[in-house]
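As provided, upload31.cif (mmCIF, C-alpha atoms and all ligand atoms) reads as follows.
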data_entry
#
loop_
_atom_site.label_atom_id
_atom_site.label_comp_id
_atom_site.auth_asym_id
_atom_site.auth_seq_id
_atom_site.Cartn_x
_atom_site.Cartn_y
_atom_site.Cartn_z
CA TRP A 1 -63.19 55.67 -40.28
CA GLY A 2 -63.73 58.69 -42.46
CA THR A 3 -61.16 60.65 -44.44
CA LEU A 4 -59.56 62.30 -41.41
CA GLY A 5 -59.11 59.01 -39.55
CA HIS A 6 -57.69 57.05 -42.49
CA GLU A 7 -55.28 59.79 -43.54
CA THR A 8 -54.10 60.22 -39.96
CA VAL A 9 -53.43 56.48 -39.65
CA ALA A 10 -51.40 56.67 -42.86
CA PHE A 11 -49.37 59.69 -41.73
CA ILE A 12 -48.56 57.97 -38.43
CA ALA A 13 -47.38 54.90 -40.35
CA GLN A 14 -45.28 57.09 -42.69
CA HIS A 15 -43.61 58.54 -39.59
CA TYR A 16 -42.52 55.14 -38.28
CA VAL A 17 -41.65 53.04 -41.36
CA SER A 18 -38.01 52.47 -42.25
CA ASN A 19 -36.45 54.14 -45.28
CA HIS A 20 -36.41 50.75 -47.01
CA THR A 21 -40.14 50.37 -46.40
CA ALA A 22 -40.88 53.88 -47.65
CA ALA A 23 -38.98 53.15 -50.88
CA TRP A 24 -40.76 49.80 -51.25
CA ALA A 25 -44.21 51.38 -50.79
CA GLN A 26 -43.43 54.38 -53.02
CA SER A 27 -42.31 52.05 -55.76
CA ILE A 28 -45.48 49.96 -55.59
CA LEU A 29 -47.71 53.06 -55.46
CA SER A 30 -45.64 54.96 -58.08
CA ASN A 31 -45.73 57.92 -55.71
CA ASP A 32 -42.78 59.48 -53.88
CA SER A 33 -44.68 62.48 -52.52
CA ALA A 34 -44.76 63.49 -48.84
CA SER A 35 -48.19 61.89 -48.53
CA TYR A 36 -47.57 58.65 -50.44
CA LEU A 37 -49.64 56.55 -47.98
CA ALA A 38 -52.09 59.25 -46.83
CA GLY A 39 -52.90 60.02 -50.46
CA VAL A 40 -54.23 56.49 -51.05
CA ALA A 41 -55.74 55.90 -47.59
CA THR A 42 -59.36 56.49 -48.67
CA TRP A 43 -59.10 54.96 -52.14
CA ALA A 44 -60.85 51.78 -50.93
CA ASP A 45 -63.91 53.81 -49.88
CA SER A 46 -64.29 55.14 -53.43
CA TYR A 47 -63.51 51.81 -55.05
CA ARG A 48 -66.19 49.94 -53.08
CA TYR A 49 -68.89 52.07 -54.74
CA THR A 50 -67.73 51.36 -58.31
CA ALA A 51 -69.09 48.47 -60.38
CA GLU A 52 -65.58 47.01 -60.58
CA GLY A 53 -64.95 47.33 -56.84
CA LYS A 54 -68.34 46.28 -55.48
CA PHE A 55 -66.92 42.90 -54.42
CA SER A 56 -64.74 44.68 -51.84
CA ALA A 57 -67.57 46.33 -49.83
CA PRO A 58 -67.70 43.51 -47.20
CA PHE A 59 -63.92 43.75 -46.75
CA HIS A 60 -64.27 46.93 -44.65
CA TYR A 61 -65.79 45.19 -41.61
CA ILE A 62 -66.53 41.94 -39.81
CA ASP A 63 -70.07 41.55 -38.53
CA ALA A 64 -69.50 39.99 -35.10
CA GLU A 65 -72.81 38.49 -33.97
CA ASP A 66 -72.37 39.08 -30.27
CA SER A 67 -74.64 40.72 -27.70
CA PRO A 68 -73.36 44.09 -26.57
CA PRO A 69 -73.20 45.27 -23.86
CA THR A 70 -73.34 41.88 -22.13
CA SER A 71 -71.03 39.94 -24.46
CA CYS A 72 -68.48 41.00 -27.02
CA ASN A 73 -66.39 38.58 -29.07
CA VAL A 74 -65.39 37.75 -32.63
CA ASP A 75 -65.53 34.28 -34.17
CA PHE A 76 -64.04 34.02 -37.66
CA GLU A 77 -66.15 31.06 -38.81
CA ARG A 78 -69.35 32.57 -37.46
CA ASP A 79 -68.75 36.20 -38.40
CA CYS A 80 -66.64 36.54 -41.53
CA GLY A 81 -69.27 35.64 -44.10
CA SER A 82 -68.97 33.86 -47.43
CA GLU A 83 -68.05 37.04 -49.31
CA GLY A 84 -65.14 37.83 -47.00
CA CYS A 85 -64.56 40.38 -44.27
CA VAL A 86 -61.87 42.72 -42.99
CA VAL A 87 -59.96 39.83 -41.38
CA SER A 88 -59.80 37.68 -44.52
CA ALA A 89 -59.14 40.77 -46.66
CA ILE A 90 -56.09 41.75 -44.59
CA ALA A 91 -54.85 38.16 -44.88
CA ASN A 92 -55.44 37.96 -48.63
CA TYR A 93 -53.96 41.33 -49.54
CA THR A 94 -50.94 40.63 -47.32
CA THR A 95 -50.29 37.56 -49.48
CA ARG A 96 -51.02 39.42 -52.72
CA VAL A 97 -48.79 42.41 -52.11
CA GLN A 98 -45.85 40.00 -51.72
CA ALA A 99 -46.74 37.56 -54.49
CA ALA A 100 -44.37 37.26 -57.45
CA ASN A 101 -47.11 36.55 -59.97
CA VAL A 102 -49.35 39.65 -59.62
CA SER A 103 -49.43 42.64 -61.95
CA ALA A 104 -48.10 46.02 -60.87
CA GLU A 105 -51.70 47.26 -60.75
CA GLN A 106 -52.83 44.38 -58.54
CA ARG A 107 -49.88 44.92 -56.17
CA ASP A 108 -50.76 48.64 -56.01
CA TYR A 109 -54.39 47.76 -55.17
CA ALA A 110 -53.27 45.26 -52.53
CA LEU A 111 -51.17 47.88 -50.75
CA ARG A 112 -53.95 50.49 -50.94
CA PHE A 113 -56.36 47.96 -49.41
CA LEU A 114 -53.96 47.17 -46.55
CA VAL A 115 -53.43 50.86 -45.73
CA HIS A 116 -57.21 51.26 -45.50
CA PHE A 117 -58.27 48.02 -43.80
CA ILE A 118 -55.61 48.13 -41.06
CA GLY A 119 -57.31 51.45 -40.26
CA ASP A 120 -60.91 50.24 -40.44
CA ILE A 121 -60.31 47.20 -38.23
CA THR A 122 -59.61 49.45 -35.21
CA GLN A 123 -63.00 51.23 -35.49
CA PRO A 124 -65.08 49.22 -32.99
CA LEU A 125 -68.26 49.39 -35.09
CA HIS A 126 -66.40 47.84 -38.04
CA ASP A 127 -66.12 44.70 -35.87
CA GLU A 128 -69.77 44.53 -34.86
CA ALA A 129 -73.00 43.38 -36.53
CA LEU A 130 -75.54 45.11 -34.28
CA GLU A 131 -77.79 47.39 -36.39
CA VAL A 132 -75.38 47.11 -39.35
CA GLY A 133 -72.44 48.26 -37.30
CA GLY A 134 -74.50 51.03 -35.71
CA ASN A 135 -75.56 52.48 -39.09
CA ASP A 136 -79.21 51.87 -38.12
CA ILE A 137 -78.92 53.51 -34.70
CA ASP A 138 -80.14 57.07 -35.22
CA VAL A 139 -78.59 59.79 -33.09
CA THR A 140 -77.96 63.51 -33.31
CA PHE A 141 -74.53 65.06 -33.03
CA ASN A 142 -74.63 68.68 -31.92
CA GLY A 143 -78.09 68.98 -33.49
CA THR A 144 -77.27 67.20 -36.77
CA ALA A 145 -79.28 64.05 -37.49
CA THR A 146 -76.92 61.14 -38.19
CA ASN A 147 -76.20 57.65 -36.89
CA LEU A 148 -73.93 55.97 -34.37
CA HIS A 149 -71.59 54.49 -36.99
CA HIS A 150 -71.12 57.85 -38.67
CA ILE A 151 -70.31 59.76 -35.49
CA TRP A 152 -67.55 57.22 -34.72
CA ASP A 153 -66.16 57.30 -38.27
CA THR A 154 -66.43 61.03 -38.84
CA ASN A 155 -68.27 63.51 -36.57
CA MET A 156 -66.32 62.83 -33.38
CA PRO A 157 -62.84 62.79 -35.01
CA GLU A 158 -63.66 66.02 -36.88
CA GLU A 159 -65.02 67.65 -33.72
CA LEU A 160 -61.74 66.86 -31.99
CA ARG A 161 -59.48 68.17 -34.75
CA GLY A 162 -61.63 70.89 -36.35
CA GLY A 163 -61.54 69.69 -39.97
CA TYR A 164 -60.82 66.84 -42.36
CA SER A 165 -58.21 68.18 -44.77
CA LEU A 166 -54.90 66.44 -45.46
CA LYS A 167 -53.30 69.14 -43.29
CA ASP A 168 -55.66 68.34 -40.42
CA ALA A 169 -54.67 64.68 -40.70
CA ALA A 170 -50.96 65.52 -40.77
CA ALA A 171 -51.37 67.69 -37.67
CA TRP A 172 -53.31 65.00 -35.78
CA ALA A 173 -50.58 62.50 -36.68
CA VAL A 174 -47.91 64.82 -35.24
CA ASN A 175 -49.92 65.06 -32.04
CA LEU A 176 -50.44 61.29 -31.77
CA THR A 177 -46.83 60.34 -32.61
CA ALA A 178 -45.71 62.60 -29.74
CA GLU A 179 -48.03 60.69 -27.39
CA ILE A 180 -46.71 57.39 -28.75
CA ASP A 181 -43.02 58.34 -28.42
CA SER A 182 -43.03 60.01 -25.03
CA GLY A 183 -46.58 60.67 -23.87
CA VAL A 184 -49.71 58.91 -22.70
CA TYR A 185 -49.35 55.93 -25.07
CA GLN A 186 -45.68 55.25 -24.48
CA ASN A 187 -46.21 52.31 -22.15
CA GLN A 188 -48.91 50.61 -24.25
CA THR A 189 -47.54 50.66 -27.78
CA ALA A 190 -45.77 47.30 -27.34
CA SER A 191 -49.15 45.68 -26.58
CA TRP A 192 -50.59 47.14 -29.81
CA VAL A 193 -48.18 45.08 -31.91
CA ALA A 194 -47.96 42.04 -29.61
CA GLY A 195 -48.22 38.82 -31.60
CA LEU A 196 -48.06 40.68 -34.92
CA ASP A 197 -47.04 38.15 -37.59
CA VAL A 198 -47.29 38.78 -41.33
CA ASN A 199 -46.87 35.03 -41.84
CA ASP A 200 -50.08 34.45 -39.86
CA ALA A 201 -52.00 37.47 -41.03
CA LYS A 202 -55.41 35.95 -40.38
CA ALA A 203 -54.63 35.26 -36.70
CA THR A 204 -53.14 38.72 -36.30
CA ALA A 205 -56.13 40.45 -37.91
CA LEU A 206 -58.54 38.35 -35.84
CA ARG A 207 -56.72 39.50 -32.70
CA TRP A 208 -57.11 43.12 -33.89
CA ALA A 209 -60.83 42.65 -34.63
CA THR A 210 -61.37 41.11 -31.18
CA ASP A 211 -59.48 43.96 -29.52
CA ALA A 212 -61.65 46.62 -31.22
CA ASN A 213 -64.91 44.68 -30.75
CA ALA A 214 -64.36 44.70 -26.96
CA PHE A 215 -64.85 48.48 -27.02
CA VAL A 216 -68.40 47.96 -28.30
CA CYS A 217 -69.33 46.61 -24.87
CA SER A 218 -67.18 48.95 -22.78
CA VAL A 219 -67.38 52.29 -24.60
CA VAL A 220 -69.63 52.29 -27.70
CA LEU A 221 -72.77 50.81 -26.12
CA PRO A 222 -72.03 50.51 -22.39
CA ASP A 223 -75.75 50.85 -21.55
CA GLY A 224 -77.10 49.05 -24.61
CA GLU A 225 -78.70 50.17 -27.85
CA ALA A 226 -81.96 51.54 -26.39
CA ALA A 227 -80.06 53.93 -24.12
CA ILE A 228 -78.47 55.76 -27.05
CA ASN A 229 -81.06 55.42 -29.81
CA GLY A 230 -82.51 58.84 -30.69
CA THR A 231 -80.31 60.77 -28.26
CA GLU A 232 -78.05 63.80 -28.60
CA THR A 233 -74.45 62.52 -28.45
CA TYR A 234 -72.67 65.83 -27.91
CA PRO A 235 -71.08 66.55 -25.50
CA ALA A 236 -71.63 63.78 -22.93
CA TYR A 237 -71.30 60.72 -25.22
CA TYR A 238 -68.51 62.40 -27.20
CA ASP A 239 -66.58 63.01 -23.97
CA SER A 240 -66.94 59.32 -23.06
CA ALA A 241 -65.77 58.12 -26.49
CA ILE A 242 -63.13 60.48 -27.82
CA GLY A 243 -60.23 59.00 -25.84
CA THR A 244 -60.95 55.59 -27.38
CA ILE A 245 -61.07 57.10 -30.86
CA GLU A 246 -57.66 58.70 -30.36
CA VAL A 247 -56.07 55.51 -29.08
CA GLN A 248 -57.59 53.42 -31.91
CA ILE A 249 -56.26 55.79 -34.59
CA ALA A 250 -52.80 55.83 -32.97
CA LYS A 251 -52.87 52.03 -32.68
CA ALA A 252 -53.76 51.57 -36.34
CA GLY A 253 -50.88 53.80 -37.41
CA VAL A 254 -48.33 51.92 -35.31
CA ARG A 255 -49.64 48.55 -36.54
CA LEU A 256 -49.63 49.66 -40.19
CA ALA A 257 -46.00 50.78 -39.91
CA ALA A 258 -44.96 47.48 -38.30
CA TRP A 259 -46.93 45.51 -40.91
CA LEU A 260 -45.37 47.33 -43.85
CA ASP A 261 -41.88 47.08 -42.31
CA ALA A 262 -42.31 43.32 -42.02
CA LEU A 263 -43.59 43.03 -45.61
CA ALA A 264 -40.88 45.25 -47.07
CA ALA A 265 -38.16 43.45 -45.12
CA GLY A 266 -38.98 40.33 -47.13
CA ASN A 267 -38.54 42.25 -50.37
CA LYS A 268 -34.97 42.93 -51.44
CA THR A 269 -35.63 44.32 -54.90
CA VAL A 270 -35.88 47.93 -53.68
CA ALA A 271 -32.89 49.57 -52.02
N1 LIG B 301 -72.18 47.02 -43.24
C1 LIG B 301 -72.59 45.90 -42.63
N2 LIG B 301 -71.98 45.74 -41.44
C2 LIG B 301 -71.17 46.81 -41.30
C3 LIG B 301 -70.26 47.23 -40.30
N3 LIG B 301 -70.07 46.50 -39.20
N4 LIG B 301 -69.57 48.35 -40.50
C4 LIG B 301 -69.76 49.05 -41.63
N5 LIG B 301 -70.58 48.74 -42.61
C5 LIG B 301 -71.30 47.61 -42.45
ZN ZN B 302 -67.18 53.09 -41.03
ZN ZN B 303 -63.55 51.54 -45.04
#

Could you render the structure as structure tokens?
Amino acid sequence: WGTLGHETVAFIAQHYVSNHTAAWAQSILSNDSASYLAGVATWADSYRYTAEGKFSAPFHYIDAEDSPPTSCNVDFERDCGSEGCVVSAIANYTTRVQAANVSAEQRDYALRFLVHFIGDITQPLHDEALEVGGNDIDVTFNGTATNLHHIWDTNMPEELRGGYSLKDAAAWAVNLTAEIDSGVYQNQTASWVAGLDVNDAKATALRWATDANAFVCSVVLPDGEAAINGTETYPAYYDSAIGTIEVQIAKAGVRLAAWLDALAAGNKTVA
């Protein structure tokens, strides 16, 4: 996701975490502001382009080698890659953020990574290898030349909400939490966190990757790559996709809150 998506996921999580979890996270991040998670939600996208953080670039996705639109699935051994992927990264940083023997800086990085990757894993094209997760599928969006990956990360969310500022993210989060609490998502939120287990983070993250990858067949490329390559994706394709984008952002926020609550519950050093 782009800035708007990641910050919205973080604001949704901030809305649902317990007070204990908020204190735990604020202590690790040395930030007690009203946007303590949203403010670090895109850090991993800057870090990946630094010399120091280059190692983390593969952690934003898992390249599932399936055949959309006829088959969609994720296989950890086949797809994760020797340098790691979003599934192994969520598992590793879940361990690291809780470990006794890591520096304050490394714990801070681990939490920043989790806030970001639990967002990225719900973007269907972050769980798909085809054309580098759609980066090599050229499309236009309302006349602007771009690619399929980018319209999912950025153009379509921004079209929906009208901007990408921190305020836009906070407002989208308010809208989505209302749908979660008493609206269109009310009866599906339990399924979003079904099987969630911080003590088996790899299995949980693999379940999340598989869930998002299924949308590649059903929504992202329902008629295959050739049908969308070179086309204008606004408004018809946008209309077919935007509901999935909204549900995936909401889902990531609810999962992130549950994940952090479970991690913080195991930590008694912060009131
Ligand atoms: N680079 C390689 N595969 C990718 C993917 N699925 N998503 C984003 N970036 C990628
Ligand atoms: Zn992306
Ligand atoms: Zn990312």

Would you mind listing what lies within 12 Å of range 215-221 of chain A as a PDB file with C-alpha atoms, in the frame of the given file, with all atoms listed in the file counted and same-chain residues fewer than 4 positions away left out?
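Okay, this is what ended up in around_1.pdb:
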ATOM      1  CA  ALA A  64     -69.500  39.990 -35.100  1.00  0.00           C
ATOM      2  CA  GLU A  65     -72.810  38.490 -33.970  1.00  0.00           C
ATOM      3  CA  ASP A  66     -72.370  39.080 -30.270  1.00  0.00           C
ATOM      4  CA  SER A  67     -74.640  40.720 -27.700  1.00  0.00           C
ATOM      5  CA  PRO A  68     -73.360  44.090 -26.570  1.00  0.00           C
ATOM      6  CA  PRO A  69     -73.200  45.270 -23.860  1.00  0.00           C
ATOM      7  CA  THR A  70     -73.340  41.880 -22.130  1.00  0.00           C
ATOM      8  CA  SER A  71     -71.030  39.940 -24.460  1.00  0.00           C
ATOM      9  CA  CYS A  72     -68.480  41.000 -27.020  1.00  0.00           C
ATOM     10  CA  ASN A  73     -66.390  38.580 -29.070  1.00  0.00           C
ATOM     11  CA  VAL A  74     -65.390  37.750 -32.630  1.00  0.00           C
ATOM     12  CA  THR A 122     -59.610  49.450 -35.210  1.00  0.00           C
ATOM     13  CA  GLN A 123     -63.000  51.230 -35.490  1.00  0.00           C
ATOM     14  CA  PRO A 124     -65.080  49.220 -32.990  1.00  0.00           C
ATOM     15  CA  LEU A 125     -68.260  49.390 -35.090  1.00  0.00           C
ATOM     16  CA  HIS A 126     -66.400  47.840 -38.040  1.00  0.00           C
ATOM     17  CA  ASP A 127     -66.120  44.700 -35.870  1.00  0.00           C
ATOM     18  CA  GLU A 128     -69.770  44.530 -34.860  1.00  0.00           C
ATOM     19  CA  ALA A 129     -73.000  43.380 -36.530  1.00  0.00           C
ATOM     20  CA  LEU A 130     -75.540  45.110 -34.280  1.00  0.00           C
ATOM     21  CA  GLU A 131     -77.790  47.390 -36.390  1.00  0.00           C
ATOM     22  CA  GLY A 133     -72.440  48.260 -37.300  1.00  0.00           C
ATOM     23  CA  GLY A 134     -74.500  51.030 -35.710  1.00  0.00           C
ATOM     24  CA  ILE A 137     -78.920  53.510 -34.700  1.00  0.00           C
ATOM     25  CA  LEU A 148     -73.930  55.970 -34.370  1.00  0.00           C
ATOM     26  CA  HIS A 149     -71.590  54.490 -36.990  1.00  0.00           C
ATOM     27  CA  ILE A 151     -70.310  59.760 -35.490  1.00  0.00           C
ATOM     28  CA  TRP A 152     -67.550  57.220 -34.720  1.00  0.00           C
ATOM     29  CA  TRP A 208     -57.110  43.120 -33.890  1.00  0.00           C
ATOM     30  CA  ALA A 209     -60.830  42.650 -34.630  1.00  0.00           C
ATOM     31  CA  THR A 210     -61.370  41.110 -31.180  1.00  0.00           C
ATOM     32  CA  ASP A 211     -59.480  43.960 -29.520  1.00  0.00           C
ATOM     33  CA  GLU A 225     -78.700  50.170 -27.850  1.00  0.00           C
ATOM     34  CA  ALA A 226     -81.960  51.540 -26.390  1.00  0.00           C
ATOM     35  CA  ALA A 227     -80.060  53.930 -24.120  1.00  0.00           C
ATOM     36  CA  ILE A 228     -78.470  55.760 -27.050  1.00  0.00           C
ATOM     37  CA  ASN A 229     -81.060  55.420 -29.810  1.00  0.00           C
ATOM     38  CA  THR A 233     -74.450  62.520 -28.450  1.00  0.00           C
ATOM     39  CA  TYR A 237     -71.300  60.720 -25.220  1.00  0.00           C
ATOM     40  CA  TYR A 238     -68.510  62.400 -27.200  1.00  0.00           C
ATOM     41  CA  ASP A 239     -66.580  63.010 -23.970  1.00  0.00           C
ATOM     42  CA  SER A 240     -66.940  59.320 -23.060  1.00  0.00           C
ATOM     43  CA  ALA A 241     -65.770  58.120 -26.490  1.00  0.00           C
ATOM     44  CA  ILE A 242     -63.130  60.480 -27.820  1.00  0.00           C
ATOM     45  CA  GLY A 243     -60.230  59.000 -25.840  1.00  0.00           C
ATOM     46  CA  THR A 244     -60.950  55.590 -27.380  1.00  0.00           C
ATOM     47  CA  ILE A 245     -61.070  57.100 -30.860  1.00  0.00           C
ATOM     48  CA  VAL A 247     -56.070  55.510 -29.080  1.00  0.00           C
ATOM     49  CA  GLN A 248     -57.590  53.420 -31.910  1.00  0.00           C
TER      50      GLN A 248
END

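For ligand ZN 303 (chain B), the set of protein, DNA and RNA residues within 6 Å, based on only C-alpha atoms and all ligand atoms, reads Asp45, His60 and Asp120 of chain A.
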
Show me, as a ChimeraX atom specification, the residues that have an atom within 10 Å of His6 in chain A when counting only C-alpha atoms, minus same-chain residues fewer than 5 positions from it. /A:1,11,37-43,115-120,153,169,249,252-253

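Considering only C-alpha atoms, the residue among A:Thr94, A:Thr3, A:Ser191, A:Thr50 positioned nearest to Ser165 in chain A is A:Thr3.
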
Would you place a box with edges along x, y and z of the file around all atoms of ligand LIG 301 (chain B) listed there, add 6 Å to each of its six sides, and report the centre and edge lengths in Å to one decimal, as lines of an AutoDock Vina configuration file?
center_x = -71.1
center_y = 47.4
center_z = -41.2
size_x = 15.0
size_y = 15.3
size_z = 16.0

With only C-alpha atoms as the counted atoms, please give the residues lying no more than 9 Å from range 141-143 of chain A, apart from itself and same-chain residues fewer than 4 positions off, as a PDB file with C-alpha atoms, in the frame of the given file.
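Printed below is part-v9.pdb as written:
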ATOM      1  CA  ASN A 147     -76.200  57.650 -36.890  1.00  0.00           C
ATOM      2  CA  ILE A 151     -70.310  59.760 -35.490  1.00  0.00           C
ATOM      3  CA  ASN A 155     -68.270  63.510 -36.570  1.00  0.00           C
ATOM      4  CA  MET A 156     -66.320  62.830 -33.380  1.00  0.00           C
ATOM      5  CA  THR A 231     -80.310  60.770 -28.260  1.00  0.00           C
ATOM      6  CA  GLU A 232     -78.050  63.800 -28.600  1.00  0.00           C
ATOM      7  CA  THR A 233     -74.450  62.520 -28.450  1.00  0.00           C
ATOM      8  CA  TYR A 234     -72.670  65.830 -27.910  1.00  0.00           C
ATOM      9  CA  PRO A 235     -71.080  66.550 -25.500  1.00  0.00           C
ATOM     10  CA  TYR A 238     -68.510  62.400 -27.200  1.00  0.00           C
TER      11      TYR A 238
END

So that I can check the surroundings of Ala91 in chain A, please list as a VMD selection string every protein, DNA and RNA residue that reaches within 10 Å of it, counting all atoms listed in the file and ignoring chain neighbours fewer than 4 positions away. chain A and resid 85 to 87 95 to 96 114 198 to 206

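Counting all atoms listed in the file and comparing A:Ala51, A:Ala173, A:Ala258, A:Val139, the residue that lies closest to Ala190 in chain A is A:Ala258.
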
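Of the residues under consideration (A:Pro58, A:Pro157, A:Gly195, A:Gly5), A:Pro58 shows the shortest atom-to-atom contact distance to ligand LIG 301 (chain B) when counting all atoms listed in the file.
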
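The shortest atom-to-atom distance to Asp138 in chain A, with all atoms listed in the file taken into account, belongs to A:Gly230 out of A:Ala13, A:Gln106, A:Gly230, A:Gln98.
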
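Taking all atoms listed in the file into account, ligand LIG 301 (chain B) lies nearest to A:Ile62 out of the set A:Ala236, A:Ile62, A:Ile90, A:Leu260.
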